[in-house]
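Chemist: Sharing work.txt below, compact mmCIF, C-alpha atoms:
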```txt
# COMPACT_ATOMS: atom_id res chain seq x y z
CA MET Q 752 15.30 50.81 -17.46
CA THR Q 753 16.02 47.11 -18.09
CA ALA Q 754 13.11 45.21 -19.60
CA ARG Q 755 11.73 42.36 -17.53
CA PRO Q 756 12.66 38.97 -19.06
CA ASP Q 757 9.92 37.00 -20.79
CA PRO Q 758 8.41 34.46 -18.38
CA LEU Q 759 9.79 30.96 -18.48
CA ILE Q 760 7.46 28.21 -19.64
CA VAL Q 761 7.50 25.19 -17.31
CA HIS Q 762 6.03 22.02 -18.75
CA VAL Q 763 5.25 19.40 -16.08
CA PHE Q 764 4.57 15.76 -16.92
CA PRO Q 765 4.40 12.51 -14.93
CA CYS Q 766 6.90 9.72 -15.56
CA LEU Q 767 8.01 6.47 -13.96
CA SER Q 768 5.72 5.49 -11.07
CA ASP Q 769 5.55 8.78 -9.18
CA ASN Q 770 8.20 11.15 -10.61
CA TYR Q 771 7.57 14.42 -12.40
CA GLY Q 772 9.60 15.63 -15.34
CA PHE Q 773 10.12 19.35 -15.87
CA LEU Q 774 10.93 20.99 -19.18
CA ILE Q 775 11.80 24.69 -18.94
CA HIS Q 776 11.62 26.86 -22.04
CA ASP Q 777 13.03 30.37 -22.37
CA PRO Q 778 11.03 32.00 -25.18
CA ALA Q 779 13.61 34.72 -25.89
CA SER Q 780 16.48 32.33 -26.57
CA ALA Q 781 14.31 29.35 -27.61
CA GLN Q 782 16.37 27.22 -25.22
CA PRO Q 783 14.74 24.26 -23.47
CA ALA Q 784 16.22 22.55 -20.42
CA CYS Q 785 15.06 19.64 -18.33
CA VAL Q 786 15.47 19.38 -14.58
CA ASP Q 787 16.79 15.88 -13.92
CA THR Q 788 16.30 12.94 -16.26
CA PRO Q 789 14.03 10.33 -14.64
CA ASP Q 790 13.04 8.78 -17.98
CA ALA Q 791 14.89 9.74 -21.17
CA ASP Q 792 12.25 8.25 -23.47
CA ALA Q 793 9.44 10.14 -21.74
CA ILE Q 794 11.44 13.37 -21.89
CA ASP Q 795 12.05 12.87 -25.62
CA ARG Q 796 8.34 12.31 -26.20
CA GLU Q 797 7.47 15.53 -24.38
CA LEU Q 798 10.17 17.47 -26.26
CA GLU Q 799 8.70 16.25 -29.54
CA LYS Q 800 5.19 17.28 -28.48
CA CYS Q 801 6.46 20.75 -27.63
CA GLY Q 802 8.68 21.02 -30.71
CA TRP Q 803 11.80 21.65 -28.63
CA ARG Q 804 15.37 20.34 -28.90
CA LEU Q 805 17.06 19.96 -25.54
CA THR Q 806 20.00 22.28 -24.81
CA HIS Q 807 20.57 21.74 -21.07
CA ILE Q 808 20.08 19.24 -18.26
CA LEU Q 809 20.02 20.63 -14.72
CA ASN Q 810 20.67 17.83 -12.25
CA THR Q 811 19.72 18.12 -8.59
CA HIS Q 812 21.41 14.89 -7.46
CA HIS Q 813 22.80 11.59 -8.64
CA HIS Q 814 20.01 9.07 -7.93
CA TRP Q 815 19.05 6.97 -10.96
CA ASP Q 816 15.56 8.46 -11.17
CA HIS Q 817 17.12 11.91 -11.47
CA ALA Q 818 20.26 11.36 -13.54
CA GLY Q 819 19.67 7.99 -15.18
CA GLY Q 820 18.70 9.48 -18.54
CA ASN Q 821 21.61 11.91 -18.80
CA LEU Q 822 23.79 10.02 -21.24
CA GLN Q 823 20.97 8.95 -23.55
CA LEU Q 824 19.69 12.52 -23.84
CA LYS Q 825 23.18 13.96 -24.23
CA ALA Q 826 23.89 11.52 -27.07
CA ALA Q 827 20.62 12.43 -28.78
CA HIS Q 828 20.72 16.21 -28.33
CA GLY Q 829 24.31 17.20 -27.55
CA CYS Q 830 23.01 19.05 -24.52
CA THR Q 831 25.07 20.55 -21.68
CA ILE Q 832 24.74 18.89 -18.27
CA VAL Q 833 24.91 21.02 -15.12
CA GLY Q 834 25.36 19.47 -11.68
CA ALA Q 835 26.92 19.76 -8.26
CA ALA Q 836 30.69 20.22 -8.16
CA HIS Q 837 30.81 18.27 -4.88
CA ASP Q 838 29.09 15.31 -6.51
CA ALA Q 839 30.51 15.52 -10.03
CA GLU Q 840 31.83 11.96 -10.06
CA ARG Q 841 28.27 10.66 -9.63
CA ILE Q 842 26.57 12.87 -12.24
CA PRO Q 843 26.82 11.10 -15.62
CA GLY Q 844 28.12 13.32 -18.42
CA ILE Q 845 28.49 16.45 -16.29
CA ASP Q 846 29.90 19.50 -18.15
CA ILE Q 847 29.38 22.43 -15.78
CA ARG Q 848 30.05 22.07 -12.07
CA VAL Q 849 28.23 24.43 -9.73
CA GLN Q 850 28.16 25.06 -6.00
CA GLU Q 851 26.51 27.25 -3.36
CA GLY Q 852 26.06 30.82 -4.56
CA ASP Q 853 26.85 30.14 -8.20
CA VAL Q 854 24.51 31.59 -10.80
CA PHE Q 855 23.88 29.65 -13.99
CA GLN Q 856 22.63 31.81 -16.84
CA PHE Q 857 19.84 30.13 -18.79
CA GLY Q 858 18.59 32.34 -21.59
CA GLN Q 859 17.49 35.59 -19.99
CA HIS Q 860 17.25 34.14 -16.51
CA ASP Q 861 19.59 33.58 -13.59
CA PHE Q 862 19.37 30.18 -11.90
CA ARG Q 863 20.83 30.51 -8.43
CA VAL Q 864 22.35 27.37 -6.92
CA LEU Q 865 21.68 26.40 -3.30
CA GLU Q 866 23.43 23.43 -1.75
CA THR Q 867 20.87 21.36 0.16
CA PRO Q 868 22.56 18.23 1.56
CA GLY Q 869 20.45 15.75 3.50
CA HIS Q 870 18.72 13.49 1.02
CA THR Q 871 22.16 13.02 -0.56
CA SER Q 872 25.45 14.61 0.37
CA GLY Q 873 25.69 16.53 -2.91
CA HIS Q 874 22.08 17.62 -3.46
CA ILE Q 875 21.50 21.06 -4.96
CA VAL Q 876 18.41 23.03 -5.93
CA TYR Q 877 17.91 25.80 -8.50
CA TYR Q 878 16.12 29.05 -7.64
CA VAL Q 879 15.06 31.56 -10.32
CA PRO Q 880 14.67 34.90 -8.49
CA ASP Q 881 12.94 36.92 -11.22
CA GLN Q 882 10.28 34.21 -11.65
CA ARG Q 883 10.08 33.02 -8.02
CA LEU Q 884 10.60 29.40 -9.10
CA LEU Q 885 12.39 26.67 -7.17
CA PHE Q 886 13.35 23.34 -8.74
CA ALA Q 887 13.79 21.34 -5.58
CA GLY Q 888 14.56 17.75 -6.53
CA ASP Q 889 14.06 15.58 -3.46
CA THR Q 890 14.93 18.14 -0.77
CA ILE Q 891 11.36 19.25 -0.17
CA PHE Q 892 8.01 17.79 -1.19
CA SER Q 893 4.57 19.21 -0.67
CA ALA Q 894 3.90 18.54 3.04
CA GLY Q 895 7.13 16.53 3.25
CA CYS Q 896 10.87 16.31 2.69
CA GLY Q 897 13.31 13.76 1.31
CA ARG Q 898 14.56 10.73 3.20
CA LEU Q 899 18.02 11.11 4.71
CA PHE Q 900 20.02 8.60 2.69
CA GLU Q 901 23.40 10.29 3.11
CA GLY Q 902 23.02 13.39 5.25
CA SER Q 903 22.18 14.11 8.87
CA PRO Q 904 18.98 15.59 10.30
CA GLY Q 905 20.92 18.74 11.14
CA GLN Q 906 22.07 19.09 7.55
CA MET Q 907 18.57 18.62 6.18
CA TRP Q 908 17.08 21.10 8.64
CA HIS Q 909 19.70 23.66 7.58
CA SER Q 910 18.86 22.95 3.92
CA LEU Q 911 15.14 23.40 4.53
CA LYS Q 912 15.79 26.68 6.35
CA LYS Q 913 17.37 28.00 3.14
CA ILE Q 914 14.11 27.24 1.37
CA LYS Q 915 12.05 28.76 4.20
CA ASP Q 916 13.98 32.01 3.70
CA LEU Q 917 12.91 32.37 0.06
CA PRO Q 918 10.00 34.69 -0.83
CA GLU Q 919 6.67 33.20 0.24
CA ASP Q 920 5.26 33.37 -3.29
CA THR Q 921 7.96 30.99 -4.57
CA GLN Q 922 6.50 28.15 -6.63
CA ILE Q 923 8.15 24.86 -5.69
CA TYR Q 924 8.60 22.16 -8.30
CA CYS Q 925 9.34 18.99 -6.34
CA ALA Q 926 10.17 15.80 -8.12
CA HIS Q 927 7.59 13.30 -6.81
CA GLU Q 928 3.84 13.02 -6.31
CA TYR Q 929 3.91 12.18 -2.61
CA THR Q 930 1.51 14.86 -1.40
CA LEU Q 931 -1.50 12.82 -0.32
CA ASN Q 932 0.54 10.35 1.72
CA ASN Q 933 2.56 13.21 3.22
CA LEU Q 934 -0.64 14.92 4.30
CA LYS Q 935 -2.00 11.74 5.87
CA PHE Q 936 1.16 11.62 7.96
CA ALA Q 937 1.09 15.35 8.78
CA ARG Q 938 -2.45 14.98 10.14
CA THR Q 939 -1.18 12.50 12.76
CA LEU Q 940 1.07 15.23 14.18
CA ASP Q 941 -0.66 18.55 13.53
CA ARG Q 942 -4.18 17.56 14.47
CA HIS Q 943 -5.83 20.95 14.84
CA ASN Q 944 -4.43 22.78 11.81
CA PRO Q 945 -7.28 24.14 9.65
CA ASP Q 946 -4.93 24.96 6.76
CA LEU Q 947 -3.73 21.36 6.75
CA GLU Q 948 -7.30 20.02 6.75
CA ALA Q 949 -8.33 22.31 3.90
CA TYR Q 950 -5.32 21.30 1.83
CA TYR Q 951 -5.94 17.61 2.54
CA THR Q 952 -9.48 17.96 1.16
CA GLU Q 953 -8.18 19.78 -1.93
CA VAL Q 954 -5.45 17.22 -2.61
CA LYS Q 955 -7.82 14.26 -2.24
CA LYS Q 956 -9.98 15.80 -4.95
CA LEU Q 957 -7.02 16.55 -7.24
CA ARG Q 958 -5.64 13.04 -6.96
CA SER Q 959 -9.07 11.43 -7.44
CA GLU Q 960 -9.09 13.24 -10.80
CA ASN Q 961 -5.47 12.18 -11.48
CA ARG Q 962 -4.36 15.82 -11.43
CA PRO Q 963 -0.94 16.91 -10.12
CA THR Q 964 -0.40 18.70 -6.84
CA ILE Q 965 2.85 20.18 -8.15
CA PRO Q 966 3.90 22.96 -8.20
CA THR Q 967 3.13 23.93 -4.65
CA ILE Q 968 3.80 27.36 -3.16
CA LEU Q 969 6.02 28.18 -0.21
CA ARG Q 970 3.35 30.28 1.51
CA LEU Q 971 1.18 27.16 1.79
CA GLU Q 972 4.04 24.84 2.75
CA LEU Q 973 4.97 27.08 5.68
CA LYS Q 974 1.48 26.36 7.06
CA VAL Q 975 1.03 22.65 6.27
CA ASN Q 976 4.47 21.05 6.00
CA PRO Q 977 5.51 19.70 9.42
CA PHE Q 978 9.16 19.57 8.33
CA LEU Q 979 9.16 23.36 7.94
CA HIS Q 980 7.75 24.04 11.42
CA PRO Q 981 8.78 21.01 13.51
CA GLY Q 982 8.80 22.97 16.76
CA SER Q 983 5.40 24.61 16.37
CA ASP Q 984 2.88 24.63 19.21
CA GLY Q 985 0.55 22.37 17.26
CA ILE Q 986 3.16 19.66 16.75
CA ARG Q 987 5.29 19.71 19.92
CA PRO Q 988 2.76 18.02 22.25
CA ASN Q 989 2.69 14.99 19.92
CA LEU Q 990 6.47 14.47 19.86
CA THR Q 991 8.59 12.25 22.09
CA ASP Q 992 10.15 15.27 23.83
CA PRO Q 993 7.95 18.37 23.57
CA SER Q 994 10.74 20.53 25.02
CA ALA Q 995 13.38 19.50 22.45
CA ASP Q 996 15.08 21.98 20.15
CA GLU Q 997 14.07 22.31 16.49
CA VAL Q 998 16.68 19.89 15.16
CA ALA Q 999 15.59 17.22 17.64
CA CYS Q 1000 11.93 17.84 16.76
CA PHE Q 1001 12.78 17.53 13.07
CA THR Q 1002 14.71 14.31 13.74
CA ASP Q 1003 11.73 12.83 15.59
CA ILE Q 1004 9.33 13.72 12.78
CA ARG Q 1005 11.62 12.33 10.08
CA ARG Q 1006 12.04 9.08 12.04
CA ARG Q 1007 8.27 8.71 12.37
CA LYS Q 1008 7.71 9.43 8.68
CA ASP Q 1009 10.28 6.76 7.70
CA SER Q 1010 8.09 4.08 9.28
CA PHE Q 1011 4.68 5.58 8.45
```
Represent the supplied structure as structure tokens.
Modeler:
Amino acid sequence: MTARPDPLIVHVFPCLSDNYGFLIHDPASAQPACVDTPDADAIDRELEKCGWRLTHILNTHHHWDHAGGNLQLKAAHGCTIVGAAHDAERIPGIDIRVQEGDVFQFGQHDFRVLETPGHTSGHIVYYVPDQRLLFAGDTIFSAGCGRLFEGSPGQMWHSLKKIKDLPEDTQIYCAHEYTLNNLKFARTLDRHNPDLEAYYTEVKKLRSENRPTIPTILRLELKVNPFLHPGSDGIRPNLTDPSADEVACFTDIRRRKDSF
């Protein structure tokens, strides 16, 4: 019988104005990785606190607040940079190119790659099946999803459906602290959702104490995130066309959120 891998350690810390940095440590191999590089100096400070030397960078997409620290950290640590094959020309310092269905081995753990275009055309996320962890970049936020800078609503809805299909106990590490504002918007659409109201109360308390709302869990997001159930009975009556299909409902919600 194969022994279960030692649990990954995920160290979460705030950086920039509203980003989160994630350091992942595999105790068995003593390898640390970071997911995206919003602020190289902040990442170095956290590595020093933890006593870790960076071996890998796992990029979700090319935006400066996700890949802007790649080259500085690579120069300092000689780390390996993993990113989307379809977006390799926009990922500074990329070494390993991955695409849908690829599995990147990090220490004892498999990181499964899912392509999630919408926010950008080359966005990917990393799912760790044995730990039920998802490093989601800007595809999904707690009670929200990423703006569509390069992709279509149909693409983003398809990407979110991939996340919806993961086990409900998946912990989701999204890259920004947008939860309270997302919930304020969700309450304008899903006005009689007790799960949404309870979560709103919880998040207000967390943020008043300057505590993070990340990670979230998929089981909760399926109840409170309007972008994961755009055609639900609670939301449809408040949309422009209550009889529209799910993609059209999603498109309407995303358009409203863009101007909220």
Chemist: Between atom CA of Pro843 of chain Q and atom CA of Asp881 of chain Q, what is the distance in Å, rounded to a tenth?
Modeler: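 Atom-to-atom, atom CA of Pro843 of chain Q and atom CA of Asp881 of chain Q are spaced 29.6 Å apart.
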Chemist: Leaving out segment 771-775 of chain Q and any residue of its chain fewer than 6 positions from it, which residues lie within 9 Å of it when counting all atoms listed in the file, given as a list in words?
Modeler: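 Here the qualifying residues turn out to be Leu759, Ile760, Val761, His762, Val763, Phe764, Pro765, Gln782, Pro783, Ala784, Cys785, Val786, Asp787, Thr788, Pro789, Asp790, Ala793, Ile794, Glu797, Leu798, Leu805, Phe886, Tyr924, Cys925, Ala926, His927, Glu928 and Ile965 of chain Q.
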Chemist: Go through Q:Ala818, Q:Ala949, Q:Ile1004, Q:Leu957 one by one, measure the shortest atom-to-atom distance of each to Gly888 of chain Q using only C-alpha atoms, and give the residue with the smallest value.
Modeler: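 Under the stated criterion, the closest residue is Q:Ala818.
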Chemist: Leaving out Tyr878 of chain Q and any residue of its chain fewer than 6 positions from it, which residues lie within 9 Å of it when counting all atoms listed in the file, given as a list in words?
Modeler: Asp861, Phe862, Arg863, Val864, Leu865, Leu884, Leu885, Phe886, Ala887, Leu917 and Thr921 of chain Q
Chemist: Quick check, in Å to one decimal: how far apart do atom CA of Ile808 of chain Q and atom CA of Ile845 of chain Q lie?
Modeler: 9.1 Å
Chemist: Identify which of the residues Q:Gln922, Q:Thr930, Q:Thr952, Q:Ser780 lies closest to Phe857 of chain Q, counting only C-alpha atoms when measuring atom-to-atom distances.
Modeler: Q:Ser780
Chemist: List the spatial neighbours of segment 825-841 of chain Q as a CSV table (one decimal) with C-alpha atoms, keeping the file's coordinate frame - criterion: any atom at most 7 Å away, only C-alpha atoms, same-chain residues fewer than 3 positions off excluded.
Modeler:
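Saved to part.csv:
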```
chain,number,residue,atom,x,y,z
Q,804,ARG,CA,15.4,20.3,-28.9
Q,805,LEU,CA,17.1,20.0,-25.5
Q,806,THR,CA,20.0,22.3,-24.8
Q,807,HIS,CA,20.6,21.7,-21.1
Q,808,ILE,CA,20.1,19.2,-18.3
Q,809,LEU,CA,20.0,20.6,-14.7
Q,810,ASN,CA,20.7,17.8,-12.2
Q,811,THR,CA,19.7,18.1,-8.6
Q,813,HIS,CA,22.8,11.6,-8.6
Q,821,ASN,CA,21.6,11.9,-18.8
Q,822,LEU,CA,23.8,10.0,-21.2
Q,844,GLY,CA,28.1,13.3,-18.4
Q,845,ILE,CA,28.5,16.4,-16.3
Q,846,ASP,CA,29.9,19.5,-18.2
Q,847,ILE,CA,29.4,22.4,-15.8
Q,848,ARG,CA,30.0,22.1,-12.1
Q,849,VAL,CA,28.2,24.4,-9.7
Q,850,GLN,CA,28.2,25.1,-6.0
Q,873,GLY,CA,25.7,16.5,-2.9
Q,875,ILE,CA,21.5,21.1,-5.0
```
Chemist: Would you mind reading off the distance between atom CA of Leu899 of chain Q and atom CA of Tyr929 of chain Q, one decimal, in Å?
Modeler: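 Taking atom CA of Leu899 of chain Q and atom CA of Tyr929 of chain Q, their separation equals 15.9 Å.
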Chemist: Let me make sure I understand: among Q:Pro963, Q:Lys955, Q:Ala791, Q:Ser903, which one has the smallest atom-to-atom distance to Asp769 of chain Q if we use all atoms listed in the file?
Modeler: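 Once distances to Asp769 of chain Q are computed over all atoms listed in the file, the minimum belongs to Q:Pro963.
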Chemist: From the options Q:Pro966, Q:Gly905, Q:Pro880, Q:Gly895, which residue's atoms come nearest to Arg938 of chain Q, counting only C-alpha atoms?
Modeler: Q:Gly895
Chemist: Closest to His943 of chain Q among Q:Tyr877, Q:Ser983, Q:Asp853, Q:His870, using all atoms listed in the file?
Modeler: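 Going through Q:Tyr877, Q:Ser983, Q:Asp853, Q:His870 one by one, the smallest distance to His943 of chain Q is for Q:Ser983.
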Chemist: Give me, as a PyMOL selection string, all polymer residues having an atom no more than 12 Å from Phe1011 of chain Q, counting all atoms listed in the file and skipping those fewer than 3 positions away in the same chain.
Modeler: chain Q and resi 932-940+1004-1008
Chemist: Kindly indicate which residue among Q:Asp920, Q:Glu866, Q:Pro945, Q:Asp984 lies nearest to Thr967 of chain Q, using only C-alpha atoms for the distances.
Modeler: Q:Asp920
Chemist: Can you list, as a list in words, every protein, DNA or RNA residue that comes within 8 Å of Leu911 of chain Q when you count all atoms listed in the file, leaving out same-chain residues fewer than 6 positions away?
Modeler: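 In the requested form, the answer reads Thr867, Thr890, Ile891 and Leu979 of chain Q.
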